[in-house]
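Here is coords38.csv, consisting of CSV, C-alpha atoms:
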```
chain,number,residue,atom,x,y,z
Y,29,MET,CA,0.0,0.0,0.0
Y,30,GLU,CA,2.9,2.4,0.8
Y,31,THR,CA,4.2,2.3,-2.8
Y,32,LEU,CA,0.7,3.1,-4.1
Y,33,ILE,CA,0.4,6.1,-1.8
Y,34,ASN,CA,3.9,7.3,-2.9
Y,35,ALA,CA,2.9,6.8,-6.6
Y,36,ILE,CA,-0.3,8.9,-6.1
Y,37,ARG,CA,1.8,11.5,-4.2
Y,38,GLN,CA,3.9,12.1,-7.3
Y,39,TYR,CA,0.9,13.7,-8.8
Y,40,ILE,CA,-1.1,15.3,-5.9
Y,41,PRO,CA,-0.6,16.0,-2.2
Y,42,LEU,CA,-2.5,13.7,0.2
Y,43,THR,CA,-3.7,14.4,3.8
Y,44,PRO,CA,-3.7,11.7,6.4
Y,45,GLU,CA,-7.5,11.5,6.1
Y,46,GLU,CA,-7.2,11.1,2.3
Y,47,ILE,CA,-4.7,8.3,2.8
Y,48,GLN,CA,-7.3,6.5,5.0
Y,49,ILE,CA,-9.9,6.9,2.2
Y,50,ILE,CA,-7.5,5.4,-0.3
Y,51,GLU,CA,-6.7,2.5,2.0
Y,52,ARG,CA,-10.5,1.8,2.3
Y,53,LEU,CA,-11.1,2.1,-1.5
Y,54,PHE,CA,-8.2,-0.1,-2.8
Y,55,GLN,CA,-8.0,-3.9,-2.2
Y,56,SER,CA,-5.0,-6.2,-2.4
Y,57,ARG,CA,-5.1,-8.8,-5.1
Y,58,ARG,CA,-2.7,-11.6,-6.1
Y,59,LEU,CA,-2.4,-13.1,-9.5
Y,60,MET,CA,-0.5,-16.4,-10.1
Y,61,GLU,CA,1.8,-16.6,-13.1
Y,62,GLY,CA,-0.4,-17.1,-16.2
Y,63,ALA,CA,-3.6,-15.8,-14.5
Y,64,HIS,CA,-5.6,-13.0,-16.1
Y,65,PHE,CA,-6.3,-9.6,-14.8
Y,66,LEU,CA,-8.7,-9.1,-17.7
Y,67,GLU,CA,-10.0,-11.6,-20.2
Y,68,GLU,CA,-11.0,-10.8,-23.8
Y,69,GLY,CA,-14.8,-10.0,-24.0
Y,70,LYS,CA,-15.1,-9.1,-20.4
Y,71,VAL,CA,-15.5,-5.6,-19.0
Y,72,CYS,CA,-12.5,-4.1,-17.3
Y,73,ARG,CA,-13.9,-3.3,-13.9
Y,74,TYR,CA,-10.7,-2.5,-12.0
Y,75,LEU,CA,-7.8,0.0,-12.2
Y,76,GLY,CA,-4.8,-1.7,-10.7
Y,77,PHE,CA,-1.4,-0.7,-9.3
Y,78,ILE,CA,1.5,-3.3,-9.5
Y,79,GLU,CA,3.4,-3.7,-6.3
Y,80,LYS,CA,5.4,-6.6,-7.6
Y,81,GLY,CA,5.2,-8.5,-10.9
Y,82,LEU,CA,4.7,-8.2,-14.6
Y,83,ILE,CA,1.6,-7.8,-16.8
Y,84,ARG,CA,1.3,-8.4,-20.5
Y,85,TYR,CA,-1.5,-6.9,-22.7
Y,86,TYR,CA,-2.4,-8.9,-25.8
Y,87,ILE,CA,-5.1,-9.1,-28.5
Y,88,SER,CA,-6.2,-12.2,-30.5
Y,89,ASP,CA,-5.7,-11.7,-34.2
Y,90,GLU,CA,-6.9,-14.6,-36.4
Y,91,GLY,CA,-6.2,-17.1,-33.7
Y,92,GLN,CA,-2.7,-15.6,-32.9
Y,93,GLU,CA,-1.9,-13.7,-29.7
Y,94,LYS,CA,-0.3,-10.3,-30.4
Y,95,THR,CA,1.5,-8.7,-27.4
Y,96,ILE,CA,0.9,-5.0,-27.4
Y,97,TYR,CA,2.1,-3.7,-24.0
Y,98,PHE,CA,3.8,-4.5,-20.7
Y,99,ASN,CA,3.5,-3.1,-17.2
Y,100,GLN,CA,5.7,-3.7,-14.2
Y,101,GLU,CA,6.2,-2.7,-10.5
Y,102,GLY,CA,5.2,0.9,-9.9
Y,103,ASP,CA,2.9,1.1,-12.9
Y,104,PHE,CA,-0.9,1.6,-12.9
Y,105,ILE,CA,-2.7,-0.9,-15.2
Y,106,CYS,CA,-6.0,-0.7,-16.9
Y,107,ASN,CA,-7.6,-1.2,-20.3
Y,108,TYR,CA,-9.2,2.3,-20.4
Y,109,GLN,CA,-11.0,1.6,-23.8
Y,110,SER,CA,-13.0,-0.9,-21.8
Y,111,PHE,CA,-12.9,0.6,-18.3
Y,112,LEU,CA,-14.0,4.2,-19.2
Y,113,PRO,CA,-17.2,3.2,-21.0
Y,114,GLN,CA,-17.6,-0.1,-19.0
Y,115,LYS,CA,-17.8,-2.0,-22.3
Y,116,PRO,CA,-16.4,-5.5,-23.2
Y,117,SER,CA,-12.6,-5.5,-23.9
Y,118,VAL,CA,-10.9,-6.7,-27.0
Y,119,VAL,CA,-7.6,-6.7,-25.0
Y,120,ALA,CA,-6.6,-9.3,-22.5
Y,121,MET,CA,-4.2,-8.7,-19.6
Y,122,GLN,CA,-2.2,-11.6,-18.1
Y,123,ALA,CA,0.3,-11.9,-15.3
Y,124,LEU,CA,3.7,-13.3,-16.6
Y,125,GLU,CA,5.0,-13.7,-13.0
Y,126,ASP,CA,3.3,-14.0,-9.7
Y,127,THR,CA,1.9,-10.5,-9.3
Y,128,GLU,CA,0.8,-8.4,-6.3
Y,129,LEU,CA,-1.6,-5.6,-7.0
Y,130,GLN,CA,-3.7,-2.9,-5.3
Y,131,VAL,CA,-7.0,-2.6,-7.2
Y,132,ILE,CA,-9.9,-0.1,-7.2
Y,133,SER,CA,-13.3,-0.8,-8.8
Y,134,TYR,CA,-14.8,1.6,-11.4
Y,135,GLU,CA,-17.5,2.7,-8.8
Y,136,ASP,CA,-14.9,3.2,-6.0
Y,137,LEU,CA,-12.7,5.3,-8.4
Y,138,GLN,CA,-15.7,7.7,-8.8
Y,139,ILE,CA,-15.7,8.0,-4.9
Y,140,PHE,CA,-12.0,8.6,-5.0
Y,141,TYR,CA,-12.5,11.5,-7.5
Y,142,ARG,CA,-15.1,13.0,-5.2
Y,143,GLN,CA,-13.6,12.5,-1.8
Y,144,VAL,CA,-9.9,13.1,-2.4
Y,145,SER,CA,-9.3,16.9,-3.0
Y,146,GLY,CA,-6.7,16.3,-5.8
Y,147,GLY,CA,-8.6,13.2,-7.1
Y,148,GLU,CA,-9.8,14.7,-10.3
Y,149,ARG,CA,-6.4,16.2,-11.0
Y,150,PHE,CA,-4.8,12.8,-10.5
Y,151,GLY,CA,-7.3,11.3,-12.9
Y,152,ARG,CA,-6.7,14.0,-15.5
Y,153,LEU,CA,-2.9,13.7,-15.4
Y,154,GLY,CA,-3.1,9.9,-15.5
Y,155,ILE,CA,-5.4,9.7,-18.6
Y,156,GLU,CA,-3.3,12.4,-20.3
Y,157,GLN,CA,-0.2,10.2,-19.9
Y,158,VAL,CA,-2.1,7.1,-21.1
Y,159,PHE,CA,-3.4,9.1,-24.2
Y,160,LEU,CA,0.1,10.3,-25.1
Y,161,SER,CA,1.7,6.9,-24.6
Y,162,SER,CA,-1.0,5.2,-26.6
Y,163,SER,CA,-0.7,7.7,-29.5
Y,164,GLU,CA,3.0,7.3,-29.6
Y,165,GLN,CA,2.7,3.5,-29.7
Y,166,VAL,CA,0.3,3.6,-32.6
Y,167,ARG,CA,2.6,6.0,-34.5
Y,168,SER,CA,5.6,3.8,-33.8
Y,169,LEU,CA,3.8,0.6,-34.9
Y,170,TYR,CA,3.0,2.0,-38.3
Y,171,SER,CA,6.1,4.2,-38.9
Y,172,ASP,CA,9.1,2.8,-37.2
Y,173,PRO,CA,11.2,-0.1,-38.6
Y,174,PRO,CA,11.6,-3.2,-36.3
Y,175,ALA,CA,15.1,-2.3,-35.2
Y,176,VAL,CA,13.9,1.1,-34.0
Y,177,ARG,CA,11.0,-0.4,-32.2
Y,178,TYR,CA,13.3,-2.9,-30.5
Y,179,GLN,CA,15.5,0.0,-29.3
Y,180,HIS,CA,12.3,1.8,-28.0
Y,181,PHE,CA,11.5,-1.4,-26.1
Y,182,LEU,CA,14.9,-1.5,-24.5
Y,183,ASP,CA,14.6,2.2,-23.6
Y,184,SER,CA,11.1,1.9,-22.3
Y,185,TYR,CA,11.6,-1.3,-20.4
Y,186,PRO,CA,15.4,-1.5,-19.6
Y,187,LYS,CA,15.1,-4.3,-17.1
Y,188,LEU,CA,12.3,-6.4,-18.7
Y,189,VAL,CA,14.6,-7.9,-21.4
Y,190,GLN,CA,15.9,-10.3,-18.7
Y,191,ARG,CA,12.4,-11.2,-17.4
Y,192,LEU,CA,10.5,-11.8,-20.7
Y,193,GLN,CA,10.4,-14.8,-23.1
Y,194,GLN,CA,11.9,-13.8,-26.5
Y,195,TYR,CA,8.6,-14.5,-28.3
Y,196,TYR,CA,6.7,-11.9,-26.3
Y,197,ILE,CA,9.3,-9.3,-27.1
Y,198,ALA,CA,9.3,-10.3,-30.8
Y,199,SER,CA,5.5,-10.1,-30.8
Y,200,TYR,CA,5.6,-6.6,-29.2
Y,201,VAL,CA,8.1,-5.4,-31.8
Y,202,GLY,CA,5.9,-6.9,-34.5
Y,203,ILE,CA,8.3,-9.5,-36.0
Y,204,LYS,CA,9.1,-13.2,-35.8
Y,205,PRO,CA,11.5,-14.4,-33.1
Y,206,GLN,CA,14.2,-15.3,-35.7
Y,207,SER,CA,14.1,-11.7,-37.0
Y,208,LEU,CA,14.5,-10.5,-33.4
Y,209,SER,CA,17.6,-12.6,-33.0
Y,210,ARG,CA,19.2,-11.1,-36.1
Y,211,ILE,CA,18.4,-7.5,-34.8
Y,212,ARG,CA,19.9,-8.4,-31.4
Y,213,LYS,CA,23.1,-9.7,-33.0
Y,214,ARG,CA,23.5,-6.6,-35.0
Y,215,LEU,CA,23.0,-4.4,-31.9
Y,216,THR,CA,25.5,-6.3,-29.8
Y,217,PRO,CA,29.0,-4.7,-30.1
K,3,MET,CA,-19.2,33.1,-25.4
K,4,GLU,CA,-22.7,31.8,-24.2
K,5,THR,CA,-22.4,28.6,-26.3
K,6,LEU,CA,-19.0,27.9,-24.7
K,7,ILE,CA,-20.4,28.4,-21.2
K,8,ASN,CA,-23.3,26.1,-22.0
K,9,ALA,CA,-20.8,23.5,-23.4
K,10,ILE,CA,-18.7,23.6,-20.2
K,11,ARG,CA,-21.9,23.3,-18.1
K,12,GLN,CA,-22.7,20.0,-19.7
K,13,TYR,CA,-19.8,18.6,-17.7
K,14,ILE,CA,-19.6,20.8,-14.5
K,15,PRO,CA,-21.6,23.4,-12.7
K,16,LEU,CA,-20.4,27.0,-12.9
K,17,THR,CA,-20.9,29.9,-10.4
K,18,PRO,CA,-21.3,33.5,-11.7
K,19,GLU,CA,-17.7,34.2,-10.5
K,20,GLU,CA,-16.4,31.2,-12.4
K,21,ILE,CA,-18.2,32.4,-15.6
K,22,GLN,CA,-16.3,35.7,-15.2
K,23,ILE,CA,-13.0,33.8,-14.8
K,24,ILE,CA,-13.8,31.9,-18.0
K,25,GLU,CA,-14.7,35.1,-19.8
K,26,ARG,CA,-11.3,36.5,-18.8
K,27,LEU,CA,-9.3,33.4,-19.8
K,28,PHE,CA,-10.9,32.7,-23.2
K,29,GLN,CA,-10.4,35.1,-26.2
K,30,SER,CA,-12.3,35.4,-29.5
K,31,ARG,CA,-10.5,34.4,-32.7
K,32,ARG,CA,-11.6,34.4,-36.3
K,33,LEU,CA,-10.1,32.3,-39.0
K,34,MET,CA,-10.8,33.0,-42.7
K,35,GLU,CA,-11.6,30.0,-44.9
K,36,GLY,CA,-8.3,28.3,-45.7
K,37,ALA,CA,-6.4,29.8,-42.7
K,38,HIS,CA,-4.7,27.5,-40.2
K,39,PHE,CA,-5.5,27.1,-36.5
K,40,LEU,CA,-2.3,25.0,-36.3
K,41,GLU,CA,0.5,24.4,-38.8
K,42,GLU,CA,2.6,21.3,-39.1
K,43,GLY,CA,5.8,21.6,-37.1
K,44,LYS,CA,4.4,24.3,-34.8
K,45,VAL,CA,3.5,23.8,-31.1
K,46,CYS,CA,-0.3,23.7,-30.5
K,47,ARG,CA,-0.6,26.5,-27.9
K,48,TYR,CA,-4.4,26.9,-27.8
K,49,LEU,CA,-7.4,24.8,-27.0
K,50,GLY,CA,-10.3,26.1,-29.0
K,51,PHE,CA,-14.1,26.0,-29.0
K,52,ILE,CA,-16.0,26.4,-32.4
K,53,GLU,CA,-18.9,28.9,-32.2
K,54,LYS,CA,-19.3,28.8,-36.0
K,55,GLY,CA,-17.5,27.1,-38.8
K,56,LEU,CA,-15.6,23.9,-39.7
K,57,ILE,CA,-12.0,22.7,-39.0
K,58,ARG,CA,-10.2,19.9,-40.8
K,59,TYR,CA,-7.2,18.0,-39.2
K,60,TYR,CA,-4.7,16.6,-41.7
K,61,ILE,CA,-1.2,15.1,-41.9
K,62,SER,CA,1.3,15.2,-44.8
K,63,ASP,CA,2.3,11.8,-46.0
K,64,GLU,CA,4.9,11.7,-48.7
K,65,GLY,CA,3.8,15.0,-50.1
K,66,GLN,CA,0.1,14.2,-49.9
K,67,GLU,CA,-2.4,15.6,-47.4
K,68,LYS,CA,-4.4,13.0,-45.6
K,69,THR,CA,-7.5,14.3,-43.8
K,70,ILE,CA,-7.9,12.5,-40.4
K,71,TYR,CA,-10.6,14.4,-38.5
K,72,PHE,CA,-13.2,17.2,-38.6
K,73,ASN,CA,-14.7,19.4,-35.9
K,74,GLN,CA,-17.7,21.8,-36.2
K,75,GLU,CA,-19.9,24.1,-34.2
K,76,GLY,CA,-20.1,23.2,-30.5
K,77,ASP,CA,-16.9,21.1,-30.6
K,78,PHE,CA,-13.7,21.7,-28.7
K,79,ILE,CA,-10.6,21.5,-30.9
K,80,CYS,CA,-7.0,20.8,-30.1
K,81,ASN,CA,-4.1,18.6,-31.1
K,82,TYR,CA,-3.5,17.1,-27.7
K,83,GLN,CA,-0.4,15.1,-28.9
K,84,SER,CA,1.2,18.5,-29.3
K,85,PHE,CA,-0.7,20.6,-26.7
K,86,LEU,CA,-0.2,18.4,-23.7
K,87,PRO,CA,3.6,18.1,-23.9
K,88,GLN,CA,3.9,21.4,-25.8
K,89,LYS,CA,5.9,19.8,-28.6
K,90,PRO,CA,5.8,20.4,-32.3
K,91,SER,CA,2.8,19.0,-34.1
K,92,VAL,CA,2.8,16.5,-37.0
K,93,VAL,CA,-0.9,17.4,-37.5
K,94,ALA,CA,-2.2,20.6,-39.1
K,95,MET,CA,-5.6,22.1,-38.5
K,96,GLN,CA,-7.3,24.3,-41.1
K,97,ALA,CA,-10.6,26.2,-41.3
K,98,LEU,CA,-12.7,25.0,-44.3
K,99,GLU,CA,-15.2,27.9,-43.8
K,100,ASP,CA,-14.9,31.3,-42.1
K,101,THR,CA,-14.7,30.1,-38.5
K,102,GLU,CA,-15.3,31.8,-35.1
K,103,LEU,CA,-13.7,30.4,-32.1
K,104,GLN,CA,-13.1,31.0,-28.4
K,105,VAL,CA,-9.5,30.0,-27.5
K,106,ILE,CA,-7.6,29.5,-24.3
K,107,SER,CA,-3.8,29.3,-24.1
K,108,TYR,CA,-2.0,26.3,-22.5
K,109,GLU,CA,-0.9,28.6,-19.6
K,110,ASP,CA,-4.4,30.0,-19.0
K,111,LEU,CA,-5.9,26.5,-19.1
K,112,GLN,CA,-3.7,25.7,-16.1
K,113,ILE,CA,-5.3,28.7,-14.3
K,114,PHE,CA,-8.7,27.4,-15.3
K,115,TYR,CA,-7.9,24.1,-13.7
K,116,ARG,CA,-6.9,25.8,-10.5
K,117,GLN,CA,-9.5,28.6,-10.2
K,118,VAL,CA,-12.7,26.8,-11.4
K,119,SER,CA,-13.9,24.3,-8.8
K,120,GLY,CA,-14.9,21.6,-11.3
K,121,GLY,CA,-12.0,22.6,-13.7
K,122,GLU,CA,-9.9,19.4,-13.2
K,123,ARG,CA,-13.1,17.3,-13.6
K,124,PHE,CA,-13.9,19.1,-16.9
K,125,GLY,CA,-10.3,18.4,-18.0
K,126,ARG,CA,-10.5,14.7,-17.0
K,127,LEU,CA,-13.8,14.1,-18.7
K,128,GLY,CA,-12.7,15.9,-21.9
K,129,ILE,CA,-9.4,14.0,-22.3
K,130,GLU,CA,-11.2,10.7,-21.6
K,131,GLN,CA,-13.6,11.4,-24.5
K,132,VAL,CA,-10.7,12.4,-26.8
K,133,PHE,CA,-8.8,9.2,-25.8
K,134,LEU,CA,-11.8,7.0,-26.5
K,135,SER,CA,-12.6,8.7,-29.8
K,136,SER,CA,-9.0,8.5,-30.9
K,137,SER,CA,-8.7,4.8,-30.0
K,138,GLU,CA,-11.8,4.0,-31.9
K,139,GLN,CA,-10.6,5.9,-34.9
K,140,VAL,CA,-7.3,4.0,-35.0
K,141,ARG,CA,-9.2,0.7,-34.7
K,142,SER,CA,-11.6,1.6,-37.5
K,143,LEU,CA,-8.8,2.8,-39.8
K,144,TYR,CA,-7.1,-0.6,-39.6
K,145,SER,CA,-10.1,-2.9,-39.3
K,146,ASP,CA,-13.1,-1.5,-41.0
K,147,PRO,CA,-13.7,-1.7,-44.8
K,148,PRO,CA,-14.2,1.7,-46.6
K,149,ALA,CA,-18.0,1.3,-46.8
K,150,VAL,CA,-18.3,0.9,-43.1
K,151,ARG,CA,-15.9,3.8,-42.5
K,152,TYR,CA,-18.1,6.0,-44.8
K,153,GLN,CA,-21.2,4.9,-42.8
K,154,HIS,CA,-19.4,5.9,-39.6
K,155,PHE,CA,-18.6,9.3,-41.2
K,156,LEU,CA,-22.3,9.8,-42.0
K,157,ASP,CA,-23.3,8.8,-38.4
K,158,SER,CA,-20.6,10.9,-36.8
K,159,TYR,CA,-21.1,14.0,-39.0
K,160,PRO,CA,-24.6,13.8,-40.3
K,161,LYS,CA,-24.7,17.4,-41.6
K,162,LEU,CA,-21.1,17.7,-42.8
K,163,VAL,CA,-21.7,15.7,-46.0
K,164,GLN,CA,-23.3,18.8,-47.5
K,165,ARG,CA,-20.5,21.2,-46.4
K,166,LEU,CA,-17.4,19.2,-47.4
K,167,GLN,CA,-15.7,18.7,-50.7
K,168,GLN,CA,-15.8,15.1,-51.8
K,169,TYR,CA,-12.0,14.6,-51.8
K,170,TYR,CA,-11.8,15.5,-48.1
K,171,ILE,CA,-14.4,12.9,-47.2
K,172,ALA,CA,-12.7,10.3,-49.5
K,173,SER,CA,-9.3,11.1,-47.8
K,174,TYR,CA,-10.9,10.7,-44.3
K,175,VAL,CA,-12.4,7.3,-45.4
K,176,GLY,CA,-9.0,6.4,-46.7
K,177,ILE,CA,-9.9,5.9,-50.4
K,178,LYS,CA,-9.8,7.6,-53.8
K,179,PRO,CA,-12.7,10.0,-54.7
K,180,GLN,CA,-13.8,7.6,-57.5
K,181,SER,CA,-14.1,4.7,-55.0
K,182,LEU,CA,-16.2,7.0,-52.7
K,183,SER,CA,-18.6,7.7,-55.6
K,184,ARG,CA,-19.1,4.0,-56.1
K,185,ILE,CA,-19.8,3.5,-52.4
K,186,ARG,CA,-22.3,6.4,-52.4
K,187,LYS,CA,-24.1,5.0,-55.4
K,188,ARG,CA,-24.5,1.6,-53.7
K,189,LEU,CA,-25.8,3.2,-50.5
K,190,THR,CA,-28.4,5.3,-52.3
K,191,PRO,CA,-31.7,3.4,-52.4
```

Written as structure tokens, how would this file's structure read?
Amino acid sequence: METLINAIRQYIPLTPEEIQIIERLFQSRRLMEGAHFLEEGKVCRYLGFIEKGLIRYYISDEGQEKTIYFNQEGDFICNYQSFLPQKPSVVAMQALEDTELQVISYEDLQIFYRQVSGGERFGRLGIEQVFLSSSEQVRSLYSDPPAVRYQHFLDSYPKLVQRLQQYYIASYVGIKPQSLSRIRKRLTP
Amino acid sequence: METLINAIRQYIPLTPEEIQIIERLFQSRRLMEGAHFLEEGKVCRYLGFIEKGLIRYYISDEGQEKTIYFNQEGDFICNYQSFLPQKPSVVAMQALEDTELQVISYEDLQIFYRQVSGGERFGRLGIEQVFLSSSEQVRSLYSDPPAVRYQHFLDSYPKLVQRLQQYYIASYVGIKPQSLSRIRKRLTP
């Protein structure tokens, strides 16, 4: 819970009373490796914060899983395209390691917005970041060559390269695992 | 100014004092037909609200202009990918008719967020809508066939079909003007 409080405090100040409100609204959740935070076709009912672990976002495309995003310790996780309108998700979110989270339901997040004085500001700044990151990802996917995308991956997730299976990284970059091996060889001095 | 106040009131309540703050922070601006609200490579410094007129968003792709979005009376306009981080824009925004706007600068919007009690909430709800609409547009562009995209255009902008040149609509749908004519003939009973 303390890392969550500190993460929120990077955006807004919190009084002791507001910390108590947050402690009441968020709940602990554990996901075993391989378990889903969100399944395709279900409504994303929770916003999460990762205390420990690793989450992969993926979509199914003609029977194949395409990995589109990762989140790790210290990150908020959500599929906002499903969460905001409370509609079924096309994206699935899966724990790649045993993962510990603090989660808040859609309904309790509305209480957070009302009862925490900087709550709306926190929400605005958060969704602004998600919007910018999502726009940049779409731009990169359709404009950048694979080697540039792999370099972006290394820059964005410097420690994840050790923790992820190669085929997840290749899928995120948008290429076959063999092509990723060739790119990696060329990048190694 | 009154239509702007009413548009903001659809999201948050406003006191008479807050209406005065808004009247001080927003300025009137007129754009002649063909003039730009934002040029490619420039930083988007203003959020606008259209009182009258029509704005087209476009990008340059290998020397060709691709129309990606429209806004009309009653809409807020902005290129948030440039506005939020205050970075140069890849998107240009041009008036297709003589257009009357109320605009607020990036700096004054921060004052709005602080001085209007529901200001942060207004900002959060606004950027949430922009995020959802932008995500849906990307999905449609890469998944929907042209006829479906044209139908979406008609549903999203029911009155614009009379006001727009055919090649802007074709560009938005992602096809050549001749292909658009064929789709329109098929849709006409």

Which chain Y residues have any atom within 9 Å of an atom of chain K, and for each, what is the nearest pair of atoms with distance in Å to one decimal, counting all atoms listed in the file, rows sorted by chain and number, as a tab-separated table?
```
residue	atom	partner	partner_atom	distance
Y:Tyr108	CA	K:Leu134	CA	8.1
Y:Gln109	CA	K:Leu134	CA	6.1
Y:Leu112	CA	K:Glu130	CA	7.5
Y:Pro113	CA	K:Leu134	CA	8.6
Y:Tyr141	CA	K:Arg123	CA	8.4
Y:Gly146	CA	K:Glu122	CA	8.6
Y:Gly147	CA	K:Glu122	CA	8.8
Y:Glu148	CA	K:Arg123	CA	5.3
Y:Arg149	CA	K:Glu122	CA	5.2
Y:Phe150	CA	K:Glu122	CA	8.8
Y:Gly151	CA	K:Arg126	CA	6.2
Y:Arg152	CA	K:Arg126	CA	4.1
Y:Leu153	CA	K:Arg126	CA	7.8
Y:Gly154	CA	K:Arg126	CA	8.9
Y:Ile155	CA	K:Glu130	CA	6.6
Y:Glu156	CA	K:Ile129	CA	6.6
Y:Val158	CA	K:Phe133	CA	8.4
Y:Phe159	CA	K:Phe133	CA	5.6
Y:Leu160	CA	K:Gln83	CA	6.1
Y:Ser162	CA	K:Ser137	CA	8.4
Y:Ser163	CA	K:Gln83	CA	7.4
Y:Glu164	CA	K:Gln83	CA	8.5
Y:Val166	CA	K:Val140	CA	8.0
```

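Each of Y:Asp89, Y:Arg58, Y:Gln143, Y:Asn99 was checked against Thr43 in chain Y using all atoms listed in the file; the smallest atom-to-atom distance is that of Y:Gln143.
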
Shell of 12 Å around Gln153 in chain K, only C-alpha atoms, local chain residues under 2 positions omitted, as a compact mmCIF listing (two decimals) with C-alpha atoms, in the frame of the given file:
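That gives us result.txt:
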```txt
# COMPACT_ATOMS: atom_id res chain seq x y z
CA SER K 142 -11.60 1.60 -37.50
CA ASP K 146 -13.10 -1.50 -41.00
CA PRO K 147 -13.70 -1.70 -44.80
CA PRO K 148 -14.20 1.70 -46.60
CA ALA K 149 -18.00 1.30 -46.80
CA VAL K 150 -18.30 0.90 -43.10
CA ARG K 151 -15.90 3.80 -42.50
CA PHE K 155 -18.60 9.30 -41.20
CA LEU K 156 -22.30 9.80 -42.00
CA ASP K 157 -23.30 8.80 -38.40
CA SER K 158 -20.60 10.90 -36.80
CA TYR K 159 -21.10 14.00 -39.00
CA PRO K 160 -24.60 13.80 -40.30
CA VAL K 163 -21.70 15.70 -46.00
CA ILE K 171 -14.40 12.90 -47.20
CA TYR K 174 -10.90 10.70 -44.30
CA VAL K 175 -12.40 7.30 -45.40
CA LEU K 182 -16.20 7.00 -52.70
CA ILE K 185 -19.80 3.50 -52.40
CA ARG K 186 -22.30 6.40 -52.40
CA ARG K 188 -24.50 1.60 -53.70
CA LEU K 189 -25.80 3.20 -50.50
CA THR K 190 -28.40 5.30 -52.30
```

Fewer than 4 positions away in the same chain doesn't count, so skip those; otherwise give me all residues within 12 Å of Ile47 in chain Y, counting all atoms listed in the file, as a CSV table (one decimal) with C-alpha atoms, in the frame of the given file.
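Generated file (result04.csv):
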```csv
chain,number,residue,atom,x,y,z
Y,29,MET,CA,0.0,0.0,0.0
Y,30,GLU,CA,2.9,2.4,0.8
Y,32,LEU,CA,0.7,3.1,-4.1
Y,33,ILE,CA,0.4,6.1,-1.8
Y,34,ASN,CA,3.9,7.3,-2.9
Y,36,ILE,CA,-0.3,8.9,-6.1
Y,37,ARG,CA,1.8,11.5,-4.2
Y,40,ILE,CA,-1.1,15.3,-5.9
Y,41,PRO,CA,-0.6,16.0,-2.2
Y,42,LEU,CA,-2.5,13.7,0.2
Y,43,THR,CA,-3.7,14.4,3.8
Y,51,GLU,CA,-6.7,2.5,2.0
Y,52,ARG,CA,-10.5,1.8,2.3
Y,53,LEU,CA,-11.1,2.1,-1.5
Y,54,PHE,CA,-8.2,-0.1,-2.8
Y,140,PHE,CA,-12.0,8.6,-5.0
Y,143,GLN,CA,-13.6,12.5,-1.8
Y,144,VAL,CA,-9.9,13.1,-2.4
Y,145,SER,CA,-9.3,16.9,-3.0
Y,146,GLY,CA,-6.7,16.3,-5.8
Y,147,GLY,CA,-8.6,13.2,-7.1
```

- Query: Which of these, Y:Asp126, Y:Glu68, Y:Glu135, Y:Glu61, has the shortest distance to Lys80 in chain Y once you count all atoms listed in the file?
  - Reply: Y:Asp126

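Note that CA of Phe104 in chain Y and CA of Val118 in chain Y are 19.2 Å apart.
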
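Taking CA of Val131 in chain Y and CA of Ile50 in chain Y as endpoints, the distance between them is 10.6 Å.
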
- Query: Which residue, Y:Ser117, Y:Ser88, Y:Asn107, Y:Gln130, has the smallest gap to Glu67 in chain Y when you use only C-alpha atoms?
  - Reply: Y:Ser117

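Nearest residue to Ser173 in chain K, choosing from K:Ile61, K:Val45, K:Ile79, K:Leu33 and counting only C-alpha atoms: K:Ile61.
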
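Among the candidates Y:Lys94, Y:Gln48, Y:Leu82, Y:Thr31, the one nearest to Lys204 in chain Y when counting only C-alpha atoms is Y:Lys94.
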
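If you look at CA of Lys70 in chain Y and CA of Gln193 in chain Y, they are 26.3 Å away from each other.
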
- Note on the structure: Residue with the minimum atom-to-atom distance to Ser30 in chain K, picked from K:Gln88, K:Thr101, K:Thr69, K:Gln12 with all atoms listed in the file counted, is K:Thr101

Any chance you could model N, CA and C atoms for range 23-29 of chain K and send them as a compact mmCIF listing (two decimals), in the coordinates of the input?
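Output saved as part30.txt:
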```txt
# COMPACT_ATOMS: atom_id res chain seq x y z
N ILE K 23 -14.40 34.28 -14.62
CA ILE K 23 -13.00 33.80 -14.80
C ILE K 23 -12.88 33.25 -16.25
N ILE K 24 -13.86 32.45 -16.68
CA ILE K 24 -13.80 31.90 -18.00
C ILE K 24 -13.82 32.98 -19.10
N GLU K 25 -14.63 34.01 -18.88
CA GLU K 25 -14.70 35.10 -19.80
C GLU K 25 -13.37 35.86 -19.93
N ARG K 26 -12.65 35.89 -18.81
CA ARG K 26 -11.30 36.50 -18.80
C ARG K 26 -10.27 35.64 -19.52
N LEU K 27 -10.37 34.32 -19.32
CA LEU K 27 -9.30 33.40 -19.80
C LEU K 27 -9.44 33.08 -21.29
N PHE K 28 -10.66 33.05 -21.81
CA PHE K 28 -10.90 32.70 -23.20
C PHE K 28 -10.85 34.04 -24.06
N GLN K 29 -10.36 33.95 -25.29
CA GLN K 29 -10.40 35.10 -26.20
C GLN K 29 -11.05 34.68 -27.52
```
